[in-house]
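Undergrad: This structure is in structure tokens; I'll ask about it shortly.
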Amino acid sequence: MLPERSPLTLELLQSRLKTPTQSDGIRTIDLSRMVIDLRSEAFREQFYRLIQGQIQRSNLPLGLDLSYSLVQGEFKVSSLGLRTPLYGKTLPIFSEAEQAQLARDRLRLSQLSQLSRSLLVQDQPAALQITVLRAPVTLIQTRFEGFVNFTNTFFLGRVEAQGAIFSQGSDWTEARFSKLTSFSSAIFQQDTKFRSAIFFDRAKFNQAQFQGNANFQSSEFYANASFHQAIFQQGVNLTRIQWRDKADFAQTRWQMSALFDRSKFAQSLFLTEAVFEKQVSFRQVQFSQPVNLRGASILSLADFSDAGFAAIAYLNLSDLQFDPKQATILGNPGQIGRVISVPSLQGNEAMLRKLVQNFRQLQQISDANRIEYTTEKLRLQRLQQRILGTDLNTATRSQLQQIGFSTAQVEAIVQSRMRQVFRNTNDILRVEGVDLGTYVKVRDRIVTREPLAGGWLLDAFRWLGLSLLLLLTHYGTNFWLVFGVGLVAIAHFGILFWGVDRFRRLHPKPVVPTALETVWAWGGFSLITLMGIIAIFRSGEHPGFTLACLELVIIPIPAVLTGFIYGRGRFHDLMTVSYFVEDASLRQLRFMIGRLPNIPAYPQFRERYSSIVWDRRWSWLNYFDLSLNNLFRLGFNDIRLRDRHIPGLITALVWYQWTIGLLYFALLLWTLSRTIPGLNLLIYFK
């Protein structure tokens with residue numbers, strides 16, 4: 001329903017100027033619920049002259065209230081406020097607080113103006129002035145039917161424009177808002193400019209409608225900026241903006257392109273449940289805090305190319321609505337996948353698969369693999385919760401109380417599960433007395449397991465296998481991590497084979513290596529191990545856990561076998577000949593995928609194999625070559641176990657590494673096929 005408005009005449013205007021009203025303790029010119037026709041030149045000149053004269057004569061700040069009024073014709077604020085020079089002293093009517101507010105921006109404007117003039121090579125700078133409004137400006141549900149010009153204006157008081165309607169264009173270029181500014185529910189029907197504007201206090205554009213182009217380029221928001229539920233029907237330019245506090249664009253709708261390029265966000269950016277129907281660009285944007293895109297919809301293109309993310313910044317894409325067949329998410333290869341974060345797997349599995357498909361379509365394999373790694377980490381968390389969580393169907397009363405349920409709630413849960421078992425954790429909400437707050441508090445500690453034998457044990461095996469894949473290979477997405485693990489294992493087994501082959505006995509005749517050979521062997525072990533550890537620490541997310549997991553695989557069983565070997569002693573023939581032989585018919589780099597660790601049983605094959613030598617300085621390399629053969633299925637010489645007079649424990653030791661190598665080689669091929677585009681075709685179809 002339209003408010004009743006009275007036409008503003010000169011007599012009525014003079015009357016209102018003589019009797020200002022009080023609003024929040026501030027004298028205000030009350031022109032609310034008026035029809036102000038500025039199309040007539042005679043009335044327009046008198047209107048501006050009378051109001052400006054009253055404002056200039058008043059020693060105290062004098063506000064202006066145009067609420068619920070209809071303004072016809074162009075509205076120009078420079079003809080209303082105080083004109084003060086950009087340089088030199090301000091007018092004497094300003095208080096110390098007002099002068100301090102003006103000083104915050106005066107130096108900046110002066111420097112920018114001098115820079116502009118120096119670029120234009122002007123000899124004498126023009127005397128620039130700014131318009132100052134000392135008191136609040138109230139434009140609640142004001143309708144402007146003409147162009148609105150607030151350029152180069154400093155608002156020392158509040159600006160309240162809730163529900164205002166700007167039928168034609170509005171220009172707020174280089175405006176300065178010292179106090180709270182509110183354009184909530186305002187409607188901008190034509191193009192709007194807030195270029196180079198500065199908001200020193202909170203800025204509210206909640207539920208505002210921008211039906212024309214909106215330009216906020218090079219503006220600064222020193223406090224919280226809220227555009228909650230705003231609608232942008234045309235293009236929006238938000239480039240080069242300094243967001244020094246939180247920026248809230250939750251539940252906004254962008255029907256055309258949105259540009260945030262080269263902006264800087266010092267605090268969090270909220271785009272929760274925002275809908276982007278066309279392109280949204282964050283090119284070269286600097287993010288210092290997380291970006292929340294939870295529940296947002298990307299229907300065209302989201303471009304994060306060359307964006308910078310601080311160490312604690314990330315993109316929260318939980319519940320993101322996104323179809324890679326119609327939309328695309330761009331970002332720097334190798335970076336965008338690392339900054340994407342999802343708090344839980346539940347409800348996000350389909351979205352994560354779509355992200356993988358998006359990056360594979362863009363040939364950004366590393367980012368696609370990173371998303372898959374994130375997915376499996378979330379799956380591991382869910383398995384861990386299922387293993388360690390309290391089962392609602394079998395937990396005792398004391399267990400239920402320990403995780404956060406009250407005594408009454410525990411009794412209600414027990415009675416409810418006697419009638420019907422809980423099939424998922426959400427079923428707890430049907431229990432009388434269990435509210436949403438309680439559910440949120442305990443949801444990470446409760447589970448519902450299927451009543452099948454071995455269900456918990458199966459989850460434990462899945463958790464163990466997935467943990468190994470994540471720690472040792474990042475789920476097949478990190479070649480250098482896998483390679484580093486392999487180097488450490490090669491060095492470990494190489495020095496172990498050298499030890500059991502060269503340190504045999506001390507009595508009656510010693511069979512031990514020379515001191516020089518010992519130095520070379522341990523030097524090679526240290527070098528290879530150091531290379532592997534460096535690779536693990538540079539590429540692993542949890543390098544300490546990765547090394548611990550690797551040591552659990554390569555140390556306990558070989559240590560037990562080695563202990564039995566030296567505990568029993570060795571009393572057999574060929575004590576002065578190596579346990580290992582090499583194929584002397586060929587010396588070349590070759591793959592030995594199907595090779596077994598012992599020589600063939602056919603007698604004529606024995607003629608091709610000879611024992612490895614002990615009396616060379618480089619002899620220790622043969623043992624690391626054997627370890628390389630067993631693990632990488634790659635080597636220079638085909639080195640195997642001899643078939644005569646060899647202890648069974650040494651055979652078990654070599655076969656143990658060969659078995660580990662079989663699993664490792666499969667992981668290596670799997671990782672290579674996922675990290676190098678096209679290599680999977682070479683591996684699978686060779």
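Going by the structure tokens order, chains are called A, B, ..., each with residues numbered from 1, while ligands are numbered from 1 in the order shown.
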Within 10 Å of Phe154 (chain A), counting only C-alpha atoms, which residues qualify if same-chain residues fewer than 4 places away don't, as a count of residues only?
TA: 18
Undergrad: So that I can check the surroundings of Gln234 (chain A), please list as a list of chain:residue names every protein, DNA and RNA residue that reaches within 10 Å of it, counting only C-alpha atoms and ignoring chain neighbours fewer than 6 positions away.
TA: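 Counting only the stated atoms, we get A:Gln190, A:Asp191, A:Phe210, A:Gln211, A:Gly212, A:Asn213, A:Ala214, A:Trp254, A:Gln255, A:Met256, A:Ser257, A:Ala258.
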Undergrad: Got time to write the residues from that selection, C-alpha atoms, as a PDB file, in the first residue's frame?
TA:
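Saved the output as again_26.pdb:
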ATOM      1  CA  GLN A 190      18.971   0.981 -13.344  1.00  0.00           C
ATOM      2  CA  ASP A 191      22.762   1.015 -13.265  1.00  0.00           C
ATOM      3  CA  PHE A 210      20.166  -4.691  -8.367  1.00  0.00           C
ATOM      4  CA  GLN A 211      18.115  -4.768 -11.572  1.00  0.00           C
ATOM      5  CA  GLY A 212      20.790  -2.928 -13.547  1.00  0.00           C
ATOM      6  CA  ASN A 213      24.559  -3.210 -13.627  1.00  0.00           C
ATOM      7  CA  ALA A 214      26.254  -2.741 -10.246  1.00  0.00           C
ATOM      8  CA  TRP A 254      23.548 -13.797  -9.486  1.00  0.00           C
ATOM      9  CA  GLN A 255      21.691 -13.938 -12.797  1.00  0.00           C
ATOM     10  CA  MET A 256      24.553 -12.528 -14.881  1.00  0.00           C
ATOM     11  CA  SER A 257      28.343 -12.485 -14.557  1.00  0.00           C
ATOM     12  CA  ALA A 258      30.009 -11.550 -11.258  1.00  0.00           C
TER      13      ALA A 258
END
Undergrad: Tell me, as a ChimeraX atom specification, which residues lie within 12 Å of Leu12 (chain A), counting only C-alpha atoms; anything in the same chain fewer than 5 positions away does not count.
TA: /A:6-7,17-19,29-31,34-36,47,50
Undergrad: Applying 9 Å and only C-alpha atoms, which residues near Ser610 (chain A) remain after dropping the ones on its own chain fewer than 2 positions away? List them as JSON, numbers by chain.
TA: {"A": [580, 581, 582, 583, 584, 606, 607, 608, 612, 613, 642]}
Undergrad: Selection from above, C-alpha atoms, as a PDB file, in the first residue's frame, can you write it?
TA:
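The resulting selection29.pdb:
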ATOM      1  CA  PHE A 580      73.364 -65.192  -4.076  1.00  0.00           C
ATOM      2  CA  VAL A 581      74.076 -65.845  -7.730  1.00  0.00           C
ATOM      3  CA  GLU A 582      73.702 -63.720 -10.841  1.00  0.00           C
ATOM      4  CA  ASP A 583      72.809 -64.465 -14.427  1.00  0.00           C
ATOM      5  CA  ALA A 584      76.171 -63.955 -16.126  1.00  0.00           C
ATOM      6  CA  ARG A 606      72.922 -73.590 -13.251  1.00  0.00           C
ATOM      7  CA  GLU A 607      75.548 -73.050 -15.927  1.00  0.00           C
ATOM      8  CA  ARG A 608      74.191 -69.532 -16.577  1.00  0.00           C
ATOM      9  CA  ILE A 612      78.461 -62.850  -6.885  1.00  0.00           C
ATOM     10  CA  VAL A 613      82.012 -61.804  -6.079  1.00  0.00           C
ATOM     11  CA  ARG A 642      71.533 -70.255  -5.041  1.00  0.00           C
TER      12      ARG A 642
END
Undergrad: Using DSSP on the backbone coordinates, identify the residues of region 371-489 of chain A assigned to strand (DSSP E); present them as a PyMOL selection string.
TA: chain A and resi 390-391+446-447
Undergrad: Glu432 (chain A): which residues within 8 Å, counting only C-alpha atoms, same-chain residues fewer than 2 positions away excluded, as a VMD selection string?
TA: chain A and resid 409 412 429 to 430 434
Undergrad: For those residues, write N, CA and C atoms to a file as a JSON list (two decimals), in the first residue's frame.
TA:
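See result23.json below for the written result:
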[["chain", "number", "residue", "atom", "x", "y", "z"],
["A", 409, "GLN", "N", 16.89, -39.73, 29.02],
["A", 409, "GLN", "CA", 17.06, -40.04, 27.59],
["A", 409, "GLN", "C", 17.57, -41.46, 27.39],
["A", 412, "ALA", "N", 14.68, -43.80, 27.71],
["A", 412, "ALA", "CA", 13.83, -43.72, 26.51],
["A", 412, "ALA", "C", 14.47, -44.43, 25.33],
["A", 429, "LEU", "N", 16.31, -39.19, 16.75],
["A", 429, "LEU", "CA", 15.44, -38.03, 16.91],
["A", 429, "LEU", "C", 13.98, -38.42, 17.14],
["A", 430, "ARG", "N", 13.63, -39.67, 16.83],
["A", 430, "ARG", "CA", 12.25, -40.10, 17.07],
["A", 430, "ARG", "C", 12.01, -40.49, 18.52],
["A", 434, "VAL", "N", 14.73, -36.64, 23.19],
["A", 434, "VAL", "CA", 16.00, -36.37, 22.51],
["A", 434, "VAL", "C", 15.76, -35.27, 21.48]]
Undergrad: Can you pull out the residues contacting Tyr373 (chain A)? Cut-off 9 Å, using only C-alpha atoms, and skip same-chain residues under 6 positions away; I want them as a ChimeraX atom specification.
TA: /A:470,474-477
Undergrad: Quick one: write out the picked residues with C-alpha atoms as a short mmCIF file (atom, residue, chain, number, x, y, z; two decimals), in the first residue's frame?
TA:
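Output saved as selection-v5.cif:
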data_model
loop_
_atom_site.label_atom_id
_atom_site.label_comp_id
_atom_site.auth_asym_id
_atom_site.auth_seq_id
_atom_site.Cartn_x
_atom_site.Cartn_y
_atom_site.Cartn_z
CA LEU A 470 46.53 -43.33 2.40
CA HIS A 474 47.92 -41.05 -0.75
CA TYR A 475 45.46 -43.49 -2.29
CA GLY A 476 47.50 -43.78 -5.46
CA THR A 477 47.76 -40.04 -6.06
#
Undergrad: Could you check which of A:Ala521, A:Val148, A:Val485, A:Val275 is closest to Pro543 (chain A), using only C-alpha atoms?
TA: A:Val485
Undergrad: Quick one: of A:Asp319, A:Gly569, A:Gln289, A:Ser281, who's nearest to Ala302 (chain A), counting only C-alpha atoms?
TA: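 Of A:Asp319, A:Gly569, A:Gln289, A:Ser281, the one nearest Ala302 (chain A) is A:Ser281, counting only C-alpha atoms.
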Undergrad: Considering only C-alpha atoms, return as a list in words whatever protein or nucleic-acid residues lie within 8 Å of region 331-342 of chain A, sequence-local ones (same chain, fewer than 5 positions apart) excluded.
TA: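 Counting only C-alpha atoms, the residues come to Asp303, Phe304, Ser305, Asp306, Ala307, Phe309, Ala313, Tyr314, Leu315, Asn316, Leu317, Ser318, Asn348, Gln364, Ser366, Asp367, Ala368, Arg370, Ile371 and Thr374 of chain A.
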